[in-house]
$ cat final_31.txt   # compact mmCIF, C-alpha atoms
# COMPACT_ATOMS: atom_id res chain seq x y z
CA MET A 1 5.12 -24.22 -0.55
CA HIS A 2 3.07 -24.90 2.59
CA VAL A 3 0.16 -22.72 3.66
CA TYR A 4 1.99 -21.72 6.85
CA GLU A 5 4.81 -20.36 4.67
CA VAL A 6 2.35 -18.13 2.80
CA VAL A 7 0.94 -16.29 5.85
CA GLY A 8 3.92 -13.96 6.38
CA PRO A 9 4.40 -13.00 2.71
CA ALA A 10 0.65 -12.40 2.34
CA LEU A 11 0.66 -10.03 5.33
CA ALA A 12 3.77 -8.26 4.06
CA ALA A 13 2.18 -7.82 0.62
CA ALA A 14 -0.81 -6.21 2.35
CA GLY A 15 1.52 -3.65 3.94
CA VAL A 16 1.85 -5.23 7.40
CA THR A 17 5.21 -4.61 9.09
CA ASP A 18 4.53 -5.55 12.73
CA MET A 19 2.74 -8.39 14.50
CA PHE A 20 1.94 -9.06 18.17
CA GLY A 21 1.26 -12.51 19.49
CA LEU A 22 1.49 -15.47 21.79
CA MET A 23 2.58 -18.72 20.18
CA GLY A 24 0.80 -22.02 20.72
CA ASP A 25 0.23 -25.23 18.80
CA GLY A 26 -2.42 -23.59 16.58
CA ASN A 27 -0.16 -20.83 15.22
CA MET A 28 3.40 -22.00 15.86
CA ARG A 29 4.02 -23.01 12.24
CA TYR A 30 3.45 -19.62 10.66
CA VAL A 31 4.75 -17.64 13.65
CA SER A 32 8.06 -19.54 13.48
CA HIS A 33 8.27 -18.99 9.75
CA ILE A 34 7.52 -15.26 10.10
CA GLY A 35 10.23 -14.97 12.75
CA GLU A 36 12.78 -16.70 10.53
CA ALA A 37 11.89 -14.74 7.39
CA GLY A 38 12.28 -11.36 9.10
CA ASP A 39 9.92 -9.44 6.78
CA ILE A 40 7.61 -8.67 9.70
CA ALA A 41 8.74 -7.63 13.18
CA TYR A 42 7.18 -10.05 15.69
CA TYR A 43 6.57 -8.94 19.28
CA ALA A 44 5.97 -11.79 21.70
CA VAL A 45 3.61 -11.25 24.65
CA ARG A 46 2.64 -13.30 27.70
CA HIS A 47 -1.14 -13.14 27.46
CA GLU A 48 -3.46 -13.23 24.47
CA ALA A 49 -5.43 -10.17 25.59
CA THR A 50 -2.21 -8.17 25.49
CA ALA A 51 -1.59 -9.23 21.90
CA VAL A 52 -4.97 -7.77 20.91
CA ALA A 53 -4.49 -4.68 23.08
CA MET A 54 -1.12 -4.01 21.43
CA ALA A 55 -2.65 -4.38 17.96
CA ASP A 56 -5.45 -2.04 19.08
CA GLY A 57 -3.00 0.58 20.39
CA TYR A 58 -0.92 0.25 17.24
CA ALA A 59 -3.96 0.77 15.01
CA ARG A 60 -5.36 3.70 16.97
CA SER A 61 -2.02 5.53 17.12
CA THR A 62 -1.04 5.03 13.46
CA GLY A 63 -4.30 4.64 11.53
CA ARG A 64 -2.89 1.40 10.08
CA VAL A 65 -4.25 -2.10 10.61
CA GLY A 66 -2.89 -3.78 13.73
CA VAL A 67 -2.17 -7.50 13.42
CA CYS A 68 -2.01 -10.07 16.20
CA THR A 69 -2.04 -13.84 16.55
CA THR A 70 -2.99 -16.51 19.09
CA THR A 71 -3.55 -20.21 19.22
CA GLN A 72 -7.00 -21.78 18.97
CA GLY A 73 -9.71 -22.36 21.58
CA PRO A 74 -8.64 -20.87 24.92
CA GLY A 75 -6.15 -18.72 23.05
CA VAL A 76 -9.10 -17.04 21.35
CA THR A 77 -11.36 -16.93 24.41
CA ASN A 78 -8.55 -15.18 26.31
CA THR A 79 -8.72 -12.32 23.80
CA LEU A 80 -12.42 -11.55 24.23
CA THR A 81 -12.23 -8.61 26.66
CA ALA A 82 -9.58 -6.85 24.58
CA LEU A 83 -11.36 -7.81 21.37
CA ARG A 84 -14.64 -6.31 22.57
CA ALA A 85 -12.83 -3.15 23.70
CA ALA A 86 -11.24 -2.80 20.25
CA ALA A 87 -14.58 -3.34 18.53
CA GLU A 88 -16.19 -0.69 20.75
CA VAL A 89 -13.82 1.98 19.39
CA ARG A 90 -13.94 0.59 15.84
CA SER A 91 -10.26 -0.27 15.82
CA PRO A 92 -9.02 -1.82 12.55
CA LEU A 93 -7.15 -4.98 13.45
CA VAL A 94 -6.74 -8.56 12.25
CA LEU A 95 -6.48 -11.52 14.60
CA LEU A 96 -4.93 -14.61 13.03
CA ALA A 97 -5.66 -17.67 15.10
CA GLY A 98 -5.47 -21.41 14.99
CA ALA A 99 -8.68 -23.38 14.71
CA ALA A 100 -9.77 -26.86 15.74
CA PRO A 101 -11.54 -28.68 12.85
CA SER A 102 -15.24 -27.76 12.88
CA SER A 103 -16.00 -31.23 11.53
CA LEU A 104 -14.98 -32.62 14.93
CA PRO A 105 -16.92 -30.59 17.56
CA GLY A 106 -15.64 -32.75 20.39
CA THR A 107 -12.02 -32.07 19.54
CA PHE A 108 -9.74 -30.82 22.32
CA GLN A 109 -9.83 -26.99 22.49
CA TYR A 110 -12.83 -26.76 20.17
CA VAL A 111 -15.07 -23.71 20.54
CA ASP A 112 -17.26 -21.87 18.06
CA GLN A 113 -14.79 -19.06 17.42
CA GLU A 114 -16.96 -17.39 14.80
CA ALA A 115 -19.84 -17.11 17.28
CA LEU A 116 -17.47 -15.59 19.86
CA PHE A 117 -16.27 -12.99 17.36
CA THR A 118 -19.83 -12.12 16.38
CA ALA A 119 -20.78 -11.68 20.04
CA ALA A 120 -17.80 -9.36 20.52
CA GLY A 121 -18.79 -7.17 17.56
CA ALA A 122 -15.97 -8.44 15.34
CA ALA A 123 -16.08 -10.03 11.89
CA VAL A 124 -14.63 -13.27 10.51
CA GLN A 125 -13.04 -13.59 7.10
CA PRO A 126 -13.63 -17.14 5.85
CA VAL A 127 -10.66 -19.13 4.57
CA ARG A 128 -12.00 -20.88 1.50
CA SER A 129 -9.15 -23.26 0.66
CA ALA A 130 -5.39 -23.70 0.73
CA ARG A 131 -5.25 -22.10 -2.70
CA THR A 132 -6.96 -18.88 -1.56
CA VAL A 133 -5.26 -18.34 1.84
CA ALA A 134 -3.13 -15.41 0.68
CA GLU A 135 -6.12 -13.72 -0.93
CA ASP A 136 -8.27 -14.36 2.15
CA ILE A 137 -5.65 -12.82 4.46
CA ASP A 138 -5.35 -9.80 2.19
CA ARG A 139 -9.14 -9.45 2.16
CA ALA A 140 -9.18 -9.55 5.98
CA VAL A 141 -6.70 -6.66 6.15
CA ARG A 142 -8.74 -4.62 3.67
CA ARG A 143 -11.98 -5.36 5.52
CA ALA A 144 -10.46 -4.22 8.79
CA GLU A 145 -9.47 -0.95 7.07
CA LEU A 146 -12.86 -0.33 5.49
CA GLU A 147 -15.20 -1.67 8.17
CA ARG A 148 -13.14 -0.20 11.03
CA ARG A 149 -13.40 -3.22 13.29
CA PRO A 150 -11.49 -6.40 14.25
CA VAL A 151 -11.50 -9.20 11.69
CA GLY A 152 -10.56 -12.80 12.49
CA VAL A 153 -8.85 -15.36 10.25
CA PHE A 154 -8.83 -18.95 11.53
CA LEU A 155 -6.45 -21.59 10.16
CA THR A 156 -6.63 -25.25 11.14
CA GLY A 157 -3.44 -27.25 11.53
CA ARG A 158 -4.40 -29.53 8.66
CA LEU A 159 -4.87 -26.57 6.34
CA GLN A 160 -1.54 -25.05 7.33
CA GLU A 161 0.29 -28.22 6.27
CA GLN A 162 -1.28 -28.29 2.79
CA GLN A 163 0.58 -27.22 -0.32
CA THR A 164 -0.31 -24.02 -2.16
CA ALA A 165 1.09 -21.59 -4.73
CA PRO A 166 3.26 -18.60 -3.67
CA PRO A 167 1.24 -15.45 -3.00
CA SER A 168 1.02 -12.63 -5.50
CA ASP A 169 3.12 -9.54 -4.83
CA THR A 170 0.16 -7.39 -5.86
CA PRO A 171 -2.35 -7.00 -3.00
CA MET A 172 -6.05 -6.89 -3.69
CA HIS A 173 -7.79 -3.59 -3.02
CA LEU A 174 -11.40 -3.47 -1.95
CA PRO A 175 -13.09 -0.26 -3.09
CA GLY A 176 -13.49 2.31 -0.32
CA ARG A 177 -16.75 4.06 0.41
CA VAL A 178 -16.91 7.80 0.92
CA VAL A 179 -20.18 8.91 2.52
CA VAL A 180 -21.31 12.31 1.22
CA PRO A 181 -24.38 13.89 2.87
CA ALA A 182 -27.31 14.79 0.66
CA ALA A 183 -27.46 18.44 -0.44
CA ALA A 184 -30.96 18.97 0.96
CA ALA A 185 -29.92 17.53 4.31
CA VAL A 186 -26.88 19.81 4.46
CA SER A 187 -29.07 22.82 3.73
CA GLU A 188 -31.46 21.98 6.59
CA ALA A 189 -28.56 21.39 8.98
CA ALA A 190 -26.98 24.70 8.02
CA GLU A 191 -30.30 26.38 8.82
CA LEU A 192 -29.97 25.20 12.42
CA LEU A 193 -26.46 26.64 12.64
CA SER A 194 -27.44 29.95 11.06
CA PHE A 195 -30.04 30.64 13.75
CA SER A 196 -27.87 29.61 16.70
CA SER A 197 -26.47 32.26 19.01
CA ARG A 198 -24.58 29.88 21.33
CA PRO A 199 -23.36 26.91 19.25
CA VAL A 200 -20.86 24.38 20.58
CA ILE A 201 -19.16 21.82 18.36
CA ILE A 202 -18.18 18.57 20.10
CA ALA A 203 -15.81 16.50 17.94
CA GLY A 204 -14.78 12.89 18.39
CA ALA A 205 -12.70 10.19 16.72
CA GLY A 206 -14.75 10.52 13.54
CA ALA A 207 -13.37 14.03 13.05
CA VAL A 208 -9.71 12.97 13.14
CA GLY A 209 -8.16 14.08 9.85
CA ALA A 210 -10.81 16.75 9.37
CA GLU A 211 -9.64 19.10 12.14
CA SER A 212 -9.01 22.06 9.85
CA ASP A 213 -12.44 21.72 8.23
CA VAL A 214 -14.20 21.55 11.59
CA ILE A 215 -12.25 24.56 12.86
CA ALA A 216 -13.14 26.54 9.74
CA LEU A 217 -16.81 25.69 10.27
CA ALA A 218 -16.64 26.67 13.93
CA ASP A 219 -14.87 29.94 13.13
CA HIS A 220 -17.58 30.97 10.69
CA ALA A 221 -20.45 29.84 12.91
CA GLY A 222 -19.04 31.50 16.02
CA ALA A 223 -18.99 28.14 17.81
CA LEU A 224 -16.99 27.05 20.82
CA LEU A 225 -15.01 23.82 20.41
CA ALA A 226 -14.86 20.78 22.68
CA THR A 227 -14.01 17.11 22.22
CA SER A 228 -15.00 13.70 23.44
CA ILE A 229 -12.33 11.65 25.22
CA ARG A 230 -11.39 10.03 21.89
CA GLY A 231 -11.06 13.41 20.22
CA LYS A 232 -8.67 14.81 22.84
CA GLY A 233 -5.91 16.76 21.11
CA LEU A 234 -7.94 17.72 18.03
CA PHE A 235 -8.03 21.47 18.71
CA ASN A 236 -4.85 22.10 20.66
CA GLY A 237 -4.04 25.82 20.87
CA HIS A 238 -7.32 27.13 19.47
CA PRO A 239 -8.44 30.20 21.48
CA PHE A 240 -12.04 28.96 21.75
CA HIS A 241 -11.24 25.35 22.66
CA LEU A 242 -12.85 24.28 25.95
CA GLY A 243 -11.12 20.90 26.25
CA LEU A 244 -13.07 17.76 27.09
CA SER A 245 -16.84 17.64 27.23
CA GLY A 246 -18.70 15.57 29.81
CA ASP A 247 -17.69 13.93 33.06
CA MET A 248 -14.07 15.02 32.63
CA ALA A 249 -14.78 18.61 31.58
CA THR A 250 -13.51 21.53 33.62
CA GLY A 251 -16.08 23.49 35.55
CA MET A 252 -15.77 26.33 33.07
CA ALA A 253 -16.29 24.04 30.07
CA ALA A 254 -19.29 22.32 31.66
CA GLU A 255 -20.90 25.69 32.40
CA LEU A 256 -20.40 27.08 28.89
CA ILE A 257 -21.55 23.86 27.21
CA GLY A 258 -24.49 23.79 29.60
CA HIS A 259 -25.68 27.16 28.24
CA ALA A 260 -25.46 26.20 24.56
CA ASP A 261 -28.54 26.54 22.39
CA LEU A 262 -27.12 24.14 19.75
CA ILE A 263 -24.78 21.17 20.16
CA VAL A 264 -23.15 20.02 16.91
CA ALA A 265 -21.63 16.55 17.27
CA MET A 266 -18.98 15.90 14.62
CA GLY A 267 -17.96 12.25 14.62
CA ALA A 268 -18.68 11.98 18.35
CA GLY A 269 -21.16 9.48 19.78
CA LEU A 270 -22.42 11.75 22.61
CA ASN A 271 -22.30 8.82 25.01
CA PHE A 272 -22.62 9.03 28.79
CA TRP A 273 -18.93 10.00 29.17
CA THR A 274 -19.31 12.94 26.78
CA THR A 275 -22.65 14.27 28.02
CA CYS A 276 -22.72 13.29 31.72
CA SER A 277 -25.40 10.74 30.81
CA GLY A 278 -27.27 13.44 28.92
CA GLN A 279 -27.36 15.86 31.86
CA LEU A 280 -24.83 18.27 30.33
CA ILE A 281 -27.08 19.18 27.39
CA PRO A 282 -29.81 21.71 28.32
CA LYS A 283 -33.39 20.54 27.83
CA ASP A 284 -34.14 23.33 25.33
CA CYS A 285 -30.88 22.81 23.41
CA LEU A 286 -31.03 21.54 19.83
CA VAL A 287 -28.70 18.72 18.76
CA LEU A 288 -27.26 18.40 15.24
CA HIS A 289 -25.56 15.00 15.06
CA CYS A 290 -23.15 14.38 12.15
CA ASP A 291 -21.63 10.93 11.64
CA ARG A 292 -20.80 8.58 8.79
CA ASP A 293 -22.62 5.79 10.64
CA GLU A 294 -26.37 6.39 10.60
CA HIS A 295 -26.80 4.01 13.55
CA ALA A 296 -24.59 6.25 15.72
CA ILE A 297 -26.89 9.24 15.32
CA GLY A 298 -29.16 9.64 18.33
CA ARG A 299 -27.95 6.40 19.90
CA PHE A 300 -27.33 7.97 23.32
CA VAL A 301 -28.85 11.45 23.14
CA PRO A 302 -31.90 12.25 20.99
CA ALA A 303 -30.89 14.25 17.91
CA THR A 304 -32.97 17.16 16.64
CA TYR A 305 -31.45 16.54 13.23
CA GLY A 306 -29.08 13.89 11.89
CA LEU A 307 -26.63 14.32 9.03
CA VAL A 308 -25.08 11.14 7.63
CA GLY A 309 -21.68 11.59 6.03
CA ASP A 310 -17.93 11.53 6.54
CA ILE A 311 -16.84 14.56 8.55
CA GLU A 312 -14.24 15.33 5.85
CA GLN A 313 -17.18 15.77 3.46
CA THR A 314 -19.78 17.15 5.86
CA ALA A 315 -17.86 20.03 7.48
CA PRO A 316 -16.84 21.77 4.20
CA LEU A 317 -20.36 21.40 2.78
CA LEU A 318 -21.89 22.89 5.93
CA LEU A 319 -19.41 25.75 5.78
CA ARG A 320 -20.29 26.46 2.16
CA GLU A 321 -24.00 26.57 3.03
CA LEU A 322 -23.34 28.90 5.96
CA ARG A 323 -21.29 31.26 3.80
CA ALA A 324 -24.12 31.36 1.27
CA ARG A 325 -26.37 32.63 4.07
CA ASP A 326 -23.85 34.88 5.85
CA ALA A 327 -20.70 35.88 4.00
CA ALA A 328 -19.11 37.28 7.16
CA PRO A 329 -18.33 35.07 10.17
CA ARG A 330 -20.93 35.15 12.92
CA THR A 331 -20.17 36.21 16.48
CA GLY A 332 -22.28 33.41 17.90
CA TYR A 333 -20.91 32.20 21.23
CA ARG A 334 -17.59 34.01 20.78
CA ARG A 335 -18.54 37.07 22.76
CA PRO A 336 -15.78 39.19 24.36
CA ASP A 337 -16.69 38.03 27.87
CA VAL A 338 -16.48 34.36 26.82
CA ALA A 339 -13.18 34.93 25.02
CA ARG A 340 -11.73 36.65 28.09
CA ARG A 341 -12.90 33.89 30.40
CA ILE A 342 -11.32 31.16 28.28
CA ALA A 343 -8.06 33.08 27.90
CA GLU A 344 -7.72 33.72 31.63
CA PHE A 345 -8.74 30.22 32.71
CA ASP A 346 -6.31 28.29 34.93
CA ILE A 347 -7.25 24.76 35.93
CA ARG A 348 -5.49 25.23 39.27
CA ASP A 349 -8.13 27.76 40.26
CA GLU A 350 -10.74 24.99 40.25
CA PHE A 351 -9.33 23.10 43.21
CA THR A 352 -7.41 23.55 46.42
CA GLY A 353 -4.75 21.12 47.46
CA THR A 354 -5.57 18.30 49.90
CA ALA A 355 -2.09 16.85 50.37
CA ASP A 356 -0.75 16.23 53.85
CA GLY A 357 2.34 14.46 55.18
CA ASP A 358 1.16 11.02 54.03
CA ARG A 359 -0.85 11.72 50.89
CA ALA A 360 -0.49 13.55 47.58
CA ASP A 361 -3.25 15.37 45.71
CA PRO A 362 -3.51 13.46 42.38
CA ARG A 363 -4.45 16.64 40.53
CA ARG A 364 -1.27 18.39 41.60
CA LEU A 365 0.68 15.25 40.77
CA MET A 366 -0.73 15.30 37.22
CA LEU A 367 0.11 19.01 36.82
CA GLU A 368 3.65 18.32 37.95
CA LEU A 369 3.94 15.44 35.46
CA GLU A 370 2.53 17.73 32.78
CA ARG A 371 5.37 20.15 33.50
CA MET A 372 8.10 17.50 33.68
CA LEU A 373 7.24 15.17 30.80
CA PRO A 374 8.22 15.99 27.20
CA ALA A 375 5.52 17.60 25.04
CA GLU A 376 5.91 14.85 22.45
CA ARG A 377 4.21 12.02 24.32
CA THR A 378 1.74 9.17 24.07
CA VAL A 379 -0.56 8.88 27.08
CA THR A 380 -2.54 5.72 27.77
CA VAL A 381 -5.10 5.62 30.57
CA ASP A 382 -6.42 2.50 32.28
CA GLY A 383 -9.54 2.06 34.38
CA GLY A 384 -9.81 2.85 38.07
CA HIS A 385 -10.74 5.62 40.49
CA PHE A 386 -7.89 7.74 39.11
CA VAL A 387 -9.12 7.72 35.51
CA GLY A 388 -10.25 11.35 35.34
CA PHE A 389 -7.03 12.93 36.57
CA PRO A 390 -4.67 12.06 33.68
CA SER A 391 -7.50 12.37 31.15
CA MET A 392 -8.21 15.95 32.22
CA LEU A 393 -4.77 17.20 33.18
CA LEU A 394 -2.23 15.54 30.88
CA SER A 395 -2.04 17.01 27.39
CA CYS A 396 -1.20 15.17 24.18
CA PRO A 397 0.27 16.45 20.91
CA ASP A 398 -2.54 15.04 18.75
CA PRO A 399 -5.50 12.61 19.02
CA ALA A 400 -3.25 9.63 18.30
CA GLY A 401 -1.21 10.58 21.35
CA PHE A 402 -4.01 9.88 23.82
CA LEU A 403 -5.39 6.35 24.13
CA PHE A 404 -8.23 5.73 26.53
CA ALA A 405 -8.23 2.00 27.33
CA VAL A 406 -11.49 1.87 29.29
CA ASN A 407 -13.85 1.76 26.32
CA PHE A 408 -15.39 -1.55 27.46
CA GLY A 409 -15.18 -0.61 31.13
CA SER A 410 -12.44 -3.19 31.68
CA ILE A 411 -9.27 -2.76 33.71
CA GLY A 412 -5.80 -3.87 32.67
CA LEU A 413 -5.60 -3.18 28.93
CA SER A 414 -3.65 0.08 28.92
CA LEU A 415 -0.17 -1.43 29.26
CA GLY A 416 -0.65 -3.49 26.10
CA THR A 417 -2.35 -0.56 24.37
CA GLY A 418 0.56 1.72 25.24
CA LEU A 419 3.18 -0.79 24.12
CA GLY A 420 1.45 -1.23 20.77
CA ALA A 421 1.24 2.54 20.35
CA ALA A 422 4.95 2.84 21.20
CA VAL A 423 5.79 0.40 18.41
CA GLY A 424 3.57 2.27 15.96
CA ARG A 425 4.63 5.78 16.97
$ encode --input "final_31.txt" --output "structure tokens"
Amino acid sequence: MHVYEVVGPALAAAGVTDMFGLMGDGNMRYVSHIGEAGDIAYYAVRHEATAVAMADGYARSTGRVGVCTTTQGPGVTNTLTALRAAAEVRSPLVLLAGAAPSSLPGTFQYVDQEALFTAAGAAVQPVRSARTVAEDIDRAVRRAELERRPVGVFLTGRLQEQQTAPPSDTPMHLPGRVVVPAAAAVSEAAELLSFSSRPVIIAGAGAVGAESDVIALADHAGALLATSIRGKGLFNGHPFHLGLSGDMATGMAAELIGHADLIVAMGAGLNFWTTCSGQLIPKDCLVLHCDRDEHAIGRFVPATYGLVGDIEQTAPLLLRELRARDAAPRTGYRRPDVARRIAEFDIRDEFTGTADGDRADPRRLMLELERMLPAERTVTVDGGHFVGFPSMLLSCPDPAGFLFAVNFGSIGLSLGTGLGAAVGR
């Protein structure tokens, strides 16, 4: 069989069920074959950036690898804004694209696609030969899962026409890596928590899947809970949840976070969105930063102490250390006056309407949409002057139900992101 006939079965064997793309001369062979075979649902778009945005939204809303495809050259360069945005939020996706022969640099539509991917923060999975195409595609899917970033696979037209063996039905599995923090490091971090009287835990995308562990830790430490924009929905319904931290926080949340004596970041980058460019964190406040990526710790805000590990591993270990010090839960920041203030809080008390005969107050519009729309929803937010209103005032059922499409500061990606999420959800 031809290489282009192997692409679809190789993706299906890797567990892929949906693909988003724009067909051109560089990918029309395998896209046509995938469409005819019917093993993978193919969603056609009208711009390459939308194909990547849909794969990004699909991945972020399902936790599965999103897959998209474009032609070569300008088809790849048209993806760069969406590709960089996906890399910024560590979205696992695979972009299959055509490729002009690298042996002929002057060829029509030639561009160094690998260099473009590297510049965007994405990876490239080399295609070694016609014989290994299925294995290389499977490896790209596994790399996207494990490395949590976009991975490109480039296929020249000549290669696609070559003969190869049918792919194996058994996909390859790259070993995963669980990051467990060192025992001594956990003990030192727990010491910070045990002496805190006003701790606040700010959780982000890295805490998704570990919500119950983080809540248990917060309950024992007497900590208030807040989230970054990417963690929105993590702690829905918890009586000591403040909502978003940072530029989009309520006045009440900003004030309470601003009086913390310890900020514990759990899988949150503490970037300028989350900390008001660092202004939200008091100067005398300690910062315990927990993340599986050691390079994320202290990247935006200096950390008093860093703890490297998966949040699923880190939170239970911290809780165990705290319980060894104090068997009973601490009061911490959960004083009666704070509890009463959170319980009685109404966002409508923070603003007065400005609508007149010609204009509507966007805050009241969001609150009305919040009332009218079904609770089971997926909200995507694009860039613009309005960005804070839906982010603050529209709820979501879980973190996968809120997709912020302004991670690279670009405008125009949320429609594709939302469509991809709709397919996945």
$ atom_distance --input "final_31.txt" --atom1 "atom CA of A:Thr79" --atom2 "atom CA of A:Glu48"
5.4 Å
$ atom_distance --input "final_31.txt" --atom1 "atom CA of A:Gly157" --atom2 "atom CA of A:His2"
11.3 Å
$ closest_residue --input "final_31.txt" --among "A:Asp337, A:Glu370, A:Asp310, A:Asp261" --to "A:Ala205" --atoms "only C-alpha atoms"
A:Asp310
$ closest_residue --input "final_31.txt" --among "A:Thr378, A:Leu22, A:Ala315, A:Pro239" --to "A:Ala339" --atoms "all atoms listed in the file"
A:Pro239
$ residues_around --input "final_31.txt" --residues "A:Pro167" --least-positions-apart "5" --cutoff "12 Å" --atoms "only C-alpha atoms" --output "ChimeraX atom specification"
/A:1-14,130-138,172
$ write_last_selection --input "final_31.txt" --atoms "C-alpha atoms" --output "short mmCIF file (atom, residue, chain, number, x, y, z; two decimals), in the frame of the given file"
data_model
loop_
_atom_site.label_atom_id
_atom_site.label_comp_id
_atom_site.auth_asym_id
_atom_site.auth_seq_id
_atom_site.Cartn_x
_atom_site.Cartn_y
_atom_site.Cartn_z
CA MET A 1 5.12 -24.22 -0.55
CA HIS A 2 3.07 -24.90 2.59
CA VAL A 3 0.16 -22.72 3.66
CA TYR A 4 1.99 -21.72 6.85
CA GLU A 5 4.81 -20.36 4.67
CA VAL A 6 2.35 -18.13 2.80
CA VAL A 7 0.94 -16.29 5.85
CA GLY A 8 3.92 -13.96 6.38
CA PRO A 9 4.40 -13.00 2.71
CA ALA A 10 0.65 -12.40 2.34
CA LEU A 11 0.66 -10.03 5.33
CA ALA A 12 3.77 -8.26 4.06
CA ALA A 13 2.18 -7.82 0.62
CA ALA A 14 -0.81 -6.21 2.35
CA ALA A 130 -5.39 -23.70 0.73
CA ARG A 131 -5.25 -22.10 -2.70
CA THR A 132 -6.96 -18.88 -1.56
CA VAL A 133 -5.26 -18.34 1.84
CA ALA A 134 -3.13 -15.41 0.68
CA GLU A 135 -6.12 -13.72 -0.93
CA ASP A 136 -8.27 -14.36 2.15
CA ILE A 137 -5.65 -12.82 4.46
CA ASP A 138 -5.35 -9.80 2.19
CA MET A 172 -6.05 -6.89 -3.69
#
$ residues_around --input "final_31.txt" --residues "stretch 247-253 of chain A" --least-positions-apart "3" --cutoff "12 Å" --atoms "all atoms listed in the file" --output "PyMOL selection string"
chain A and resi 200+202+224-229+232+240-244+256-260+270-280+338+341-351+386-394
$ residues_around --input "final_31.txt" --residues "A:Gly152" --least-positions-apart "4" --cutoff "7 Å" --atoms "all atoms listed in the file" --output "list in words"
Val94, Leu95, Leu96, Ala123, Val124 and Gln125 of chain A
$ write_last_selection --input "final_31.txt" --atoms "C-alpha atoms" --output "PDB file, in the coordinates of the input"
ATOM      1  CA  VAL A  94      -6.740  -8.560  12.250  1.00  0.00           C
ATOM      2  CA  LEU A  95      -6.480 -11.520  14.600  1.00  0.00           C
ATOM      3  CA  LEU A  96      -4.930 -14.610  13.030  1.00  0.00           C
ATOM      4  CA  ALA A 123     -16.080 -10.030  11.890  1.00  0.00           C
ATOM      5  CA  VAL A 124     -14.630 -13.270  10.510  1.00  0.00           C
ATOM      6  CA  GLN A 125     -13.040 -13.590   7.100  1.00  0.00           C
TER       7      GLN A 125
END
$ atom_distance --input "final_31.txt" --atom1 "atom CA of A:Arg142" --atom2 "atom CA of A:Val208"
20.0 Å
$ closest_residue --input "final_31.txt" --among "A:Gly57, A:Gly209, A:Gly222, A:Gly75" --to "A:Tyr333" --atoms "all atoms listed in the file"
A:Gly222
$ closest_residue --input "final_31.txt" --among "A:Ser61, A:Ser212, A:Ser91, A:Thr81" --to "A:Cys396" --atoms "all atoms listed in the file"
A:Ser61
$ closest_residue --input "final_31.txt" --among "A:Ala183, A:Ala421, A:Ala144, A:Ala268" --to "A:Ile297" --atoms "only C-alpha atoms"
A:Ala268
$ residues_around --input "final_31.txt" --residues "A:Ile411" --least-positions-apart "5" --cutoff "9 Å" --atoms "all atoms listed in the file" --output "PDB file with C-alpha atoms, in the frame of the given file"
ATOM      1  CA  ASP A 382      -6.420   2.500  32.280  1.00  0.00           C
ATOM      2  CA  GLY A 383      -9.540   2.060  34.380  1.00  0.00           C
ATOM      3  CA  GLY A 384      -9.810   2.850  38.070  1.00  0.00           C
ATOM      4  CA  ALA A 405      -8.230   2.000  27.330  1.00  0.00           C
ATOM      5  CA  VAL A 406     -11.490   1.870  29.290  1.00  0.00           C
TER       6      VAL A 406
END
$ closest_residue --input "final_31.txt" --among "A:Ser395, A:Thr71, A:Gln113, A:Asn78" --to "A:Met28" --atoms "all atoms listed in the file"
A:Thr71
$ residues_around --input "final_31.txt" --residues "A:His295" --least-positions-apart "5" --cutoff "12 Å" --atoms "only C-alpha atoms" --output "list in words"
Gly269, His289, Cys290, Phe300, Ala303, Gly306, Leu307, Val308 and Gly309 of chain A
$ residues_near_point --input "final_31.txt" --point "(-17.8, -16.5, 16.5)" --cutoff "12 Å" --atoms "all atoms listed in the file" --output "ChimeraX atom specification"
/A:73,76-77,80,83,99,110-126,151-154
